[in-house]
Amino acid sequence: MKKKLKLIVMALCLAPMAFAQTDDTKQQEQNTIADEQAFTFTEAQLGEDDDMSQNVSIISSNQNIYASKVGFAFSPVRFRYRAFNQKYNEIYINGVQMNDMESGQFRFSLIGGLNRVTNNSREASLPFEATNYAMSAMGGSNNYDFRPSHMRTGQHASIAGANRNYTLRGVYAYNSGLRPDGWAFSANVTYRWANMETSYIEGTFYNSLSYYFGAEKKLNDNHAISLVTWGNPTERAGQGASTDEMYWLANNRYYNPYWGYQNGKKRSSRIVNDFQPSVMFTWDWNINETSKLTTVLSGRYSIYKNTRLNYNDVEKPQADYWKNMPSSYYDVWYSDDKSGRTEAGYNDFWRARDYMMSSKAHRQLNFDRMYYANQQIAKNGGDAVYFIQAKHNDNLNLALASTFKTELSKNAIWNMGFQLATNKGMHYQTMEDLLGAEKFSNLNTYAISKYAAGDDHIYYDLNNKNAIVKEGDIFGYDYNILVNKAQFWTSLRYTKGRLHSFVAGRVGSVSMQRDGKMLNGVANATGVSSYGKSGTARFLEGGGKFGLAYLFAKGQTITLGLGYEMKAPQPQNAFISPEVNNDFVFNLKNEKIFSSELGYQFENSWLKANINGYYSALSDVTEWQNFFYDDLNSFSYVSMTGIKKEYYGIEWGLNVKLSPSFSIRTIGTVSEAKNTNNADVVYMHSTEGTYHSDIVYNKNMRESGTPLTAMGLTLSYSAKGWFIDLSGNYYDRIYLSYSPSYRYGETLENRQKSYENSGIAAEQVFAKNEAGDKVLLGEAIAQEKGKGGFMLDLSIGRSIRMKKGNLSINLSITNLLNNQNMVTGGYEQSRSNYSVKDDGTVGSARVYKFNRNPMKFYAYGINGMLNIGYNF
């Protein structure tokens, strides 16, 4: 009977082994400073301008010099492993995948501030390394062990001061270890803080409390259960990108357009509130000496809100709005554009320049003026012309995961498991602040000028046409995205002599559906459903991987990996215009992913080296964007399908130990990550509700926001408790996010007409070849790049043994040479260099050139952090 019960439970609860923590205290002490430093960089410097996710892939492998160091070494420029989108890097906790089920990306805020928990026990697997918890993803996989009994026993307290996104950080952690009575308890509390006067970027602040509490009970030699909960309630103000012209006017690479003065005090218009309270129950079962099983049930409720300033029937109030720029009056680019180089325009150029540079207040938001305008309009019963709205992306997520591991023989290990997960994504918009006004009507302000009063097009919700919006009310859009996912995976590892190999596979299904809460007037007027549930899109996905490592000589190993996978499109990209209607993207398909890798490793007593070449090819990729489309004074919802991509390059790592205390390390990569075809595009404007098809000339567009060339050299000293690293890193080929609308076939024709109307010959879109055929000029659609450069970093640490415990002191300084010219990311403006007349014909070229003014972010200048920690 007992044997049958075991078989039944195994069938129902396939689960991963409980990973035993290696008791290597000395190694942990040596790694403490480096780990603290690495995660300090990640939290304090990166991704604070990104709403949903981190740019940096969380990847490491002790067997690979490059992979184990690159995440930290190149983090100041938001380096991404192999330039992959973060959705291709999968993150697990106790074997449960934690990537967002709509975007596929991992939201780092889920574990932000929990350094002592996440650094404690982390299993990292590169793309072609076997794991105990999944088939490793194209960008690798990480699994964090949150079991209290596996935490390093003792207490830890630390305090840190910095001049980064937060100024102060305090940490306290307690871990009881496994007590004689079978219980283990853990706790971690972290607080991070900065106000608008101390934060590196003016107009931002940071206020975050992170917590982790866990209890575990070892029931007997075979069974243990644990319950943990954690969260990271955070409120922070964001930084906005701007143009080089505005940075020049402000004489500041870190100008932030999102704040201004109200009654003489600084106020931000972009504030993020993020909280993901999570709970996880884990059951570990040691079936026998060769078989182990773990089952995990997790749940989390994500609350995410991001505010932004909006306006109605007035000019944009942001100071760096293009019409405020000096170059909007006088053409600084084309000397043959006579209409753009008039005497009046020249005088206006200097007037605008002098005004912008005369006072900081002139370069920021003016809340007092907005309040005054709204108050005057309110006296006549009018709607707010300025207001702050909040976009909400809340999620309720439940997951059940289980994995089984058994040793088939001394040479073979078999793993298999499954995960079932469901996610309800709640997307809606609320009125955060009316800025002194009394009300706002739930109307499509972009459509009001196009349609008559009372026309269905102008109502966001036909079920409640006369809705008056007050502060806290929902308006504009309100819908849910429902996602269900099931996955089964298995892997077999085989080791014999000099050969180490594995084969893994997975199969799964994904379903997605939209549930609209408003009857949108634009959608309804065109006969498209927007209220209630859409149809359900279902996808079958799966794939396999093979990898081997062969030790062909002493200390020399060659590695090979091959993989192919079909992956369901992300629900975030699956709907053409989710804020408007229920329609799915046309021609929505599984992504096809081929990946491969060939590597060589060498190791002896004084040298470790590795070099890897990789190639990945993706097809049927779907991407989605939403932006303001200038030609029609409307928001545009854009889906691009049939995209093909290639990622390839070489990466290397070399560590030379010159003496027991001194070593030299170099890591680097030269890579390519680009589209290899022109995609099909379908877009819908928020004022029309009809679909437009075109081709977007995005072939050879590179992945943005990460250097495709990066290399570094580190001098490292470690002796008698001292740790000193001096690193010099060089970055290049950093591309900005490209604008699809700038490359539509129709847009290119309009640009050509506008240049011809203006007599501008300096920049043409088309030319004629020898046969007289019209040819698209490559420079007309060239992608904008950011400037790279050299950065010098220093880290000094000391570990001191006390009578009771250990004291660690670490000072890390980034960008010692204060190079403020390196671009870390940004995007092209999705607006036209020409005007469109009321009859739809193309006018002359504008004086202001959007294509010459991309939005950019620059790497921080010299910055640092001092951390003092005590383990006892």
# chains A, B, ... in the order shown; residues from 1 in each chain; ligands from 1

call {"tool": "select_by_dssp", "arguments": {"residues": "region 232-427 of chain A", "states": "helix (DSSP H, G or I)", "output": "number ranges by chain"}}
result
A: 244-250, 322-324, 326-328, 338-340, 343-358, 360-363, 367-378

call {"tool": "closest_residue", "arguments": {"among": "A:Ser808, A:Thr666, A:Ser739, A:Ser141", "to": "Gly712 (chain A)", "atoms": "only C-alpha atoms"}}
result
A:Thr666

call {"tool": "residues_around", "arguments": {"residues": "region 842-844 of chain A", "least_positions_apart": "4", "cutoff": "7 Å", "atoms": "only C-alpha atoms", "output": "ChimeraX atom specification"}}
result
/A:750,753-755,757-758,834-837

call {"tool": "write_last_selection", "arguments": {"atoms": "C-alpha atoms", "output": "PDB file, in the first residue's frame"}}
result
ATOM      1  CA  ASN A 750       5.508  61.353 -48.110  1.00  0.00           C
ATOM      2  CA  LYS A 753       7.354  64.644 -51.515  1.00  0.00           C
ATOM      3  CA  SER A 754       8.022  66.991 -48.610  1.00  0.00           C
ATOM      4  CA  TYR A 755      11.687  67.359 -49.573  1.00  0.00           C
ATOM      5  CA  ASN A 757       8.126  70.619 -52.034  1.00  0.00           C
ATOM      6  CA  SER A 758      10.810  72.343 -49.962  1.00  0.00           C
ATOM      7  CA  TYR A 834       6.730  67.152 -42.768  1.00  0.00           C
ATOM      8  CA  SER A 835       3.275  68.569 -42.167  1.00  0.00           C
ATOM      9  CA  VAL A 836       0.019  67.139 -43.504  1.00  0.00           C
ATOM     10  CA  LYS A 837      -2.630  69.546 -44.773  1.00  0.00           C
TER      11      LYS A 837
END

call {"tool": "residues_around", "arguments": {"residues": "region 622-629 of chain A", "least_positions_apart": "6", "cutoff": "6 Å", "atoms": "only C-alpha atoms", "output": "MDAnalysis selection string"}}
result
chainID A and resid 573 635:641

call {"tool": "closest_residue", "arguments": {"among": "A:Asn821, A:Asn851, A:Ser830, A:Ser358", "to": "Ala780 (chain A)", "atoms": "only C-alpha atoms"}}
result
A:Asn851

call {"tool": "atom_distance", "arguments": {"atom1": "CA of Ser186 (chain A)", "atom2": "CA of Asn142 (chain A)"}}
result
21.6 Å

call {"tool": "residues_around", "arguments": {"residues": "Met518 (chain A)", "least_positions_apart": "4", "cutoff": "12 Å", "atoms": "only C-alpha atoms", "output": "ChimeraX atom specification"}}
result
/A:427-429,442,459-465,467,474-480,514,522-524,529-533,578-582

call {"tool": "closest_atom_pairs", "arguments": {"of": "region 754-843 of chain A", "to": "region 717-723 of chain A", "cutoff": "9 Å", "atoms": "only C-alpha atoms", "output": "tab-separated table"}}
result
residue	atom	partner	partner_atom	distance
A:Ser795	CA	A:Phe723	CA	7.8
A:Ile796	CA	A:Phe723	CA	5.7
A:Gly797	CA	A:Phe723	CA	4.9
A:Arg798	CA	A:Trp722	CA	4.5
A:Ser799	CA	A:Gly721	CA	4.8
A:Ile800	CA	A:Gly721	CA	6.4
A:Arg801	CA	A:Gly721	CA	8.6
A:Asn810	CA	A:Phe723	CA	8.7

call {"tool": "write_last_selection", "arguments": {"atoms": "C-alpha atoms", "output": "PDB file, in the first residue's frame"}}
result
ATOM      1  CA  SER A 795      36.286  48.620  -6.093  1.00  0.00           C
ATOM      2  CA  ILE A 796      38.116  48.366  -2.764  1.00  0.00           C
ATOM      3  CA  GLY A 797      36.978  46.077   0.016  1.00  0.00           C
ATOM      4  CA  ARG A 798      38.222  44.790   3.338  1.00  0.00           C
ATOM      5  CA  SER A 799      37.008  41.805   5.320  1.00  0.00           C
ATOM      6  CA  ILE A 800      37.945  41.894   9.005  1.00  0.00           C
ATOM      7  CA  ARG A 801      37.489  38.965  11.390  1.00  0.00           C
ATOM      8  CA  ASN A 810      33.456  48.023   0.456  1.00  0.00           C
TER       9      ASN A 810
END

call {"tool": "residues_around", "arguments": {"residues": "Glu202 (chain A)", "least_positions_apart": "5", "cutoff": "12 Å", "atoms": "only C-alpha atoms", "output": "mmCIF file with all heavy atoms, in the first residue's frame"}}
result
data_model
loop_
_atom_site.group_PDB
_atom_site.id
_atom_site.type_symbol
_atom_site.label_atom_id
_atom_site.label_comp_id
_atom_site.auth_asym_id
_atom_site.auth_seq_id
_atom_site.Cartn_x
_atom_site.Cartn_y
_atom_site.Cartn_z
ATOM 1 N N ASN A 163 25.661 57.896 -4.225
ATOM 2 C CA ASN A 163 25.134 59.032 -4.977
ATOM 3 C C ASN A 163 24.532 58.540 -6.288
ATOM 4 O O ASN A 163 24.768 59.067 -7.359
ATOM 5 C CB ASN A 163 26.230 60.073 -5.249
ATOM 6 C CG ASN A 163 27.277 59.576 -6.234
ATOM 7 O OD1 ASN A 163 27.558 58.391 -6.292
ATOM 8 N ND2 ASN A 163 27.858 60.485 -7.000
ATOM 9 N N ARG A 164 23.726 57.504 -6.170
ATOM 10 C CA ARG A 164 23.075 56.915 -7.331
ATOM 11 C C ARG A 164 21.568 57.164 -7.245
ATOM 12 O O ARG A 164 21.144 58.188 -6.761
ATOM 13 C CB ARG A 164 23.419 55.425 -7.409
ATOM 14 C CG ARG A 164 24.929 55.213 -7.626
ATOM 15 C CD ARG A 164 25.347 53.775 -7.484
ATOM 16 N NE ARG A 164 26.780 53.625 -7.735
ATOM 17 C CZ ARG A 164 27.489 52.554 -7.431
ATOM 18 N NH1 ARG A 164 26.892 51.515 -6.850
ATOM 19 N NH2 ARG A 164 28.772 52.485 -7.690
ATOM 20 N N ASN A 165 20.783 56.201 -7.725
ATOM 21 C CA ASN A 165 19.333 56.410 -7.695
ATOM 22 C C ASN A 165 18.783 56.419 -6.282
ATOM 23 O O ASN A 165 17.736 56.992 -6.027
ATOM 24 C CB ASN A 165 18.627 55.330 -8.525
ATOM 25 C CG ASN A 165 18.724 55.623 -10.004
ATOM 26 O OD1 ASN A 165 19.779 56.016 -10.488
ATOM 27 N ND2 ASN A 165 17.641 55.450 -10.724
ATOM 28 N N TYR A 166 19.446 55.719 -5.364
ATOM 29 C CA TYR A 166 19.109 55.907 -3.951
ATOM 30 C C TYR A 166 20.369 56.306 -3.204
ATOM 31 O O TYR A 166 21.495 55.997 -3.604
ATOM 32 C CB TYR A 166 18.440 54.673 -3.344
ATOM 33 C CG TYR A 166 19.183 53.365 -3.440
ATOM 34 C CD1 TYR A 166 20.248 53.087 -2.593
ATOM 35 C CD2 TYR A 166 18.797 52.397 -4.356
ATOM 36 C CE1 TYR A 166 20.914 51.884 -2.657
ATOM 37 C CE2 TYR A 166 19.457 51.186 -4.427
ATOM 38 C CZ TYR A 166 20.517 50.936 -3.584
ATOM 39 O OH TYR A 166 21.180 49.729 -3.647
ATOM 40 N N ALA A 194 16.074 57.873 -1.218
ATOM 41 C CA ALA A 194 16.691 59.104 -1.721
ATOM 42 C C ALA A 194 15.571 60.103 -1.932
ATOM 43 O O ALA A 194 14.442 59.736 -2.290
ATOM 44 C CB ALA A 194 17.428 58.861 -3.034
ATOM 45 N N ASN A 195 15.848 61.385 -1.699
ATOM 46 C CA ASN A 195 14.860 62.412 -2.019
ATOM 47 C C ASN A 195 15.337 63.199 -3.241
ATOM 48 O O ASN A 195 16.372 62.901 -3.836
ATOM 49 C CB ASN A 195 14.592 63.326 -0.824
ATOM 50 C CG ASN A 195 15.824 64.109 -0.389
ATOM 51 O OD1 ASN A 195 16.758 64.315 -1.153
ATOM 52 N ND2 ASN A 195 15.822 64.560 0.862
ATOM 53 N N MET A 196 14.571 64.213 -3.626
ATOM 54 C CA MET A 196 14.882 64.935 -4.851
ATOM 55 C C MET A 196 16.163 65.754 -4.758
ATOM 56 O O MET A 196 16.691 66.197 -5.774
ATOM 57 C CB MET A 196 13.711 65.840 -5.237
ATOM 58 C CG MET A 196 12.508 65.103 -5.781
ATOM 59 S SD MET A 196 11.324 66.224 -6.545
ATOM 60 C CE MET A 196 10.112 65.079 -7.176
ATOM 61 N N GLU A 197 16.650 65.953 -3.561
ATOM 62 C CA GLU A 197 17.880 66.723 -3.402
ATOM 63 C C GLU A 197 19.119 65.832 -3.432
ATOM 64 O O GLU A 197 20.214 66.313 -3.723
ATOM 65 C CB GLU A 197 17.839 67.504 -2.074
ATOM 66 C CG GLU A 197 16.632 68.422 -1.939
ATOM 67 C CD GLU A 197 16.536 69.437 -3.063
ATOM 68 O OE1 GLU A 197 17.585 69.921 -3.531
ATOM 69 O OE2 GLU A 197 15.403 69.733 -3.487
ATOM 70 N N ALA A 237 10.313 58.201 -8.450
ATOM 71 C CA ALA A 237 10.059 59.128 -9.551
ATOM 72 C C ALA A 237 10.984 58.786 -10.706
ATOM 73 O O ALA A 237 12.152 58.432 -10.497
ATOM 74 C CB ALA A 237 10.287 60.565 -9.091
ATOM 75 N N GLY A 238 10.468 58.892 -11.933
ATOM 76 C CA GLY A 238 11.208 58.444 -13.101
ATOM 77 C C GLY A 238 11.989 59.546 -13.782
ATOM 78 O O GLY A 238 11.768 60.742 -13.574
ATOM 79 N N GLN A 239 12.910 59.106 -14.630
ATOM 80 C CA GLN A 239 13.725 59.983 -15.460
ATOM 81 C C GLN A 239 13.280 59.840 -16.905
ATOM 82 O O GLN A 239 13.027 58.739 -17.377
ATOM 83 C CB GLN A 239 15.207 59.610 -15.341
ATOM 84 C CG GLN A 239 16.115 60.373 -16.301
ATOM 85 C CD GLN A 239 17.481 59.741 -16.460
ATOM 86 O OE1 GLN A 239 17.734 58.671 -15.909
ATOM 87 N NE2 GLN A 239 18.354 60.372 -17.214
ATOM 88 N N GLY A 240 13.213 60.940 -17.630
ATOM 89 C CA GLY A 240 12.856 60.902 -19.031
ATOM 90 C C GLY A 240 14.044 61.158 -19.930
ATOM 91 O O GLY A 240 14.985 61.864 -19.557
ATOM 92 N N ASN A 252 23.596 69.887 -19.156
ATOM 93 C CA ASN A 252 23.474 68.781 -18.207
ATOM 94 C C ASN A 252 23.043 67.536 -18.963
ATOM 95 O O ASN A 252 21.950 67.501 -19.545
ATOM 96 C CB ASN A 252 22.445 69.134 -17.131
ATOM 97 C CG ASN A 252 22.307 68.057 -16.078
ATOM 98 O OD1 ASN A 252 23.025 67.054 -16.091
ATOM 99 N ND2 ASN A 252 21.378 68.242 -15.162
ATOM 100 N N ARG A 253 23.904 66.500 -18.969
ATOM 101 C CA ARG A 253 23.574 65.236 -19.634
ATOM 102 C C ARG A 253 22.446 64.491 -18.931
ATOM 103 O O ARG A 253 21.899 63.532 -19.489
ATOM 104 C CB ARG A 253 24.813 64.332 -19.656
ATOM 105 C CG ARG A 253 25.930 64.808 -20.550
ATOM 106 C CD ARG A 253 25.582 64.674 -22.014
ATOM 107 N NE ARG A 253 26.767 64.733 -22.855
ATOM 108 C CZ ARG A 253 26.749 64.946 -24.152
ATOM 109 N NH1 ARG A 253 25.584 65.104 -24.766
ATOM 110 N NH2 ARG A 253 27.868 64.977 -24.853
ATOM 111 N N TYR A 254 22.095 64.913 -17.739
ATOM 112 C CA TYR A 254 21.102 64.193 -16.951
ATOM 113 C C TYR A 254 19.872 65.052 -16.701
ATOM 114 O O TYR A 254 19.165 64.884 -15.710
ATOM 115 C CB TYR A 254 21.743 63.703 -15.640
ATOM 116 C CG TYR A 254 23.083 63.073 -15.927
ATOM 117 C CD1 TYR A 254 24.268 63.725 -15.596
ATOM 118 C CD2 TYR A 254 23.161 61.864 -16.607
ATOM 119 C CE1 TYR A 254 25.496 63.170 -15.909
ATOM 120 C CE2 TYR A 254 24.392 61.305 -16.931
ATOM 121 C CZ TYR A 254 25.553 61.957 -16.589
ATOM 122 O OH TYR A 254 26.768 61.417 -16.924
ATOM 123 N N TYR A 255 19.635 65.949 -17.643
ATOM 124 C CA TYR A 255 18.405 66.746 -17.598
ATOM 125 C C TYR A 255 17.202 65.815 -17.595
ATOM 126 O O TYR A 255 17.141 64.831 -18.328
ATOM 127 C CB TYR A 255 18.355 67.665 -18.816
ATOM 128 C CG TYR A 255 16.991 68.257 -19.079
ATOM 129 C CD1 TYR A 255 16.522 69.325 -18.314
ATOM 130 C CD2 TYR A 255 16.168 67.735 -20.074
ATOM 131 C CE1 TYR A 255 15.268 69.860 -18.547
ATOM 132 C CE2 TYR A 255 14.911 68.265 -20.308
ATOM 133 C CZ TYR A 255 14.458 69.325 -19.536
ATOM 134 O OH TYR A 255 13.225 69.846 -19.759
ATOM 135 N N ASN A 256 16.232 66.152 -16.761
ATOM 136 C CA ASN A 256 15.038 65.325 -16.607
ATOM 137 C C ASN A 256 13.798 66.174 -16.849
ATOM 138 O O ASN A 256 13.494 67.072 -16.058
ATOM 139 C CB ASN A 256 15.012 64.722 -15.197
ATOM 140 C CG ASN A 256 13.795 63.863 -14.944
ATOM 141 O OD1 ASN A 256 13.064 63.504 -15.870
ATOM 142 N ND2 ASN A 256 13.552 63.542 -13.688
ATOM 143 N N PRO A 257 13.049 65.930 -17.933
ATOM 144 C CA PRO A 257 11.896 66.780 -18.263
ATOM 145 C C PRO A 257 10.645 66.499 -17.441
ATOM 146 O O PRO A 257 9.648 67.203 -17.598
ATOM 147 C CB PRO A 257 11.643 66.454 -19.734
ATOM 148 C CG PRO A 257 12.096 65.039 -19.879
ATOM 149 C CD PRO A 257 13.281 64.896 -18.960
ATOM 150 N N TYR A 258 10.670 65.500 -16.556
ATOM 151 C CA TYR A 258 9.452 65.053 -15.893
ATOM 152 C C TYR A 258 9.121 65.787 -14.602
ATOM 153 O O TYR A 258 8.141 65.454 -13.948
ATOM 154 C CB TYR A 258 9.541 63.553 -15.584
ATOM 155 C CG TYR A 258 9.456 62.651 -16.794
ATOM 156 C CD1 TYR A 258 9.891 61.327 -16.718
ATOM 157 C CD2 TYR A 258 8.944 63.107 -17.998
ATOM 158 C CE1 TYR A 258 9.815 60.487 -17.817
ATOM 159 C CE2 TYR A 258 8.867 62.268 -19.102
ATOM 160 C CZ TYR A 258 9.308 60.967 -19.002
ATOM 161 O OH TYR A 258 9.234 60.131 -20.076
ATOM 162 N N TRP A 259 9.922 66.777 -14.209
ATOM 163 C CA TRP A 259 9.623 67.471 -12.960
ATOM 164 C C TRP A 259 9.530 68.977 -13.205
ATOM 165 O O TRP A 259 9.924 69.504 -14.227
ATOM 166 C CB TRP A 259 10.676 67.158 -11.900
ATOM 167 C CG TRP A 259 12.036 67.764 -12.162
ATOM 168 C CD1 TRP A 259 13.045 67.247 -12.905
ATOM 169 C CD2 TRP A 259 12.503 69.037 -11.681
ATOM 170 N NE1 TRP A 259 14.115 68.093 -12.928
ATOM 171 C CE2 TRP A 259 13.825 69.200 -12.176
ATOM 172 C CE3 TRP A 259 11.950 70.035 -10.880
ATOM 173 C CZ2 TRP A 259 14.591 70.323 -11.909
ATOM 174 C CZ3 TRP A 259 12.725 71.159 -10.604
ATOM 175 C CH2 TRP A 259 14.015 71.301 -11.118
ATOM 176 N N GLY A 260 8.976 69.650 -12.208
ATOM 177 C CA GLY A 260 8.876 71.107 -12.262
ATOM 178 C C GLY A 260 8.610 71.651 -10.873
ATOM 179 O O GLY A 260 8.617 70.925 -9.879
ATOM 180 N N LYS A 266 9.904 71.226 -5.709
ATOM 181 C CA LYS A 266 10.008 70.305 -6.828
ATOM 182 C C LYS A 266 8.909 69.245 -6.759
ATOM 183 O O LYS A 266 8.592 68.724 -5.697
ATOM 184 C CB LYS A 266 11.371 69.613 -6.822
ATOM 185 C CG LYS A 266 12.545 70.547 -7.081
ATOM 186 C CD LYS A 266 13.858 69.795 -7.033
ATOM 187 C CE LYS A 266 15.038 70.730 -7.265
ATOM 188 N NZ LYS A 266 16.333 70.007 -7.193
ATOM 189 N N ARG A 267 8.356 68.954 -7.948
ATOM 190 C CA ARG A 267 7.323 67.924 -8.046
ATOM 191 C C ARG A 267 7.528 67.138 -9.332
ATOM 192 O O ARG A 267 7.796 67.713 -10.389
ATOM 193 C CB ARG A 267 5.925 68.537 -8.037
ATOM 194 C CG ARG A 267 4.817 67.487 -8.199
ATOM 195 C CD ARG A 267 3.434 68.086 -8.206
ATOM 196 N NE ARG A 267 2.423 67.076 -8.429
ATOM 197 C CZ ARG A 267 1.110 67.297 -8.489
ATOM 198 N NH1 ARG A 267 0.645 68.538 -8.318
ATOM 199 N NH2 ARG A 267 0.270 66.305 -8.703
ATOM 200 N N SER A 268 7.402 65.824 -9.257
ATOM 201 C CA SER A 268 7.549 64.962 -10.426
ATOM 202 C C SER A 268 6.185 64.601 -10.989
ATOM 203 O O SER A 268 5.223 64.374 -10.242
ATOM 204 C CB SER A 268 8.305 63.685 -10.069
ATOM 205 O OG SER A 268 8.335 62.801 -11.162
ATOM 206 N N LYS A 360 16.598 77.745 -14.739
ATOM 207 C CA LYS A 360 16.245 76.333 -14.684
ATOM 208 C C LYS A 360 14.728 76.142 -14.746
ATOM 209 O O LYS A 360 14.235 75.180 -15.356
ATOM 210 C CB LYS A 360 16.802 75.699 -13.409
ATOM 211 C CG LYS A 360 16.509 74.196 -13.291
ATOM 212 C CD LYS A 360 16.965 73.623 -11.965
ATOM 213 C CE LYS A 360 18.467 73.558 -11.904
ATOM 214 N NZ LYS A 360 18.941 72.846 -10.687
ATOM 215 N N GLN A 364 11.753 73.432 -17.069
ATOM 216 C CA GLN A 364 11.008 72.395 -16.346
ATOM 217 C C GLN A 364 9.504 72.678 -16.435
ATOM 218 O O GLN A 364 9.069 73.709 -16.951
ATOM 219 C CB GLN A 364 11.443 72.353 -14.885
ATOM 220 C CG GLN A 364 12.935 72.155 -14.663
ATOM 221 C CD GLN A 364 13.485 70.865 -15.231
ATOM 222 O OE1 GLN A 364 14.656 70.783 -15.611
ATOM 223 N NE2 GLN A 364 12.663 69.825 -15.299
#

call {"tool": "closest_residue", "arguments": {"among": "A:Asp145, A:Glu779, A:Glu784, A:Asp394", "to": "Arg702 (chain A)", "atoms": "only C-alpha atoms"}}
result
A:Glu784

call {"tool": "select_by_dssp", "arguments": {"residues": "region 172-219 of chain A", "states": "strand (DSSP E)", "output": "number ranges by chain"}}
result
A: 172-175, 183-194, 206-218

call {"tool": "residues_around", "arguments": {"residues": "Thr282 (chain A)", "least_positions_apart": "4", "cutoff": "6 Å", "atoms": "only C-alpha atoms", "output": "VMD selection string"}}
result
chain A and resid 225 to 226 295 to 296
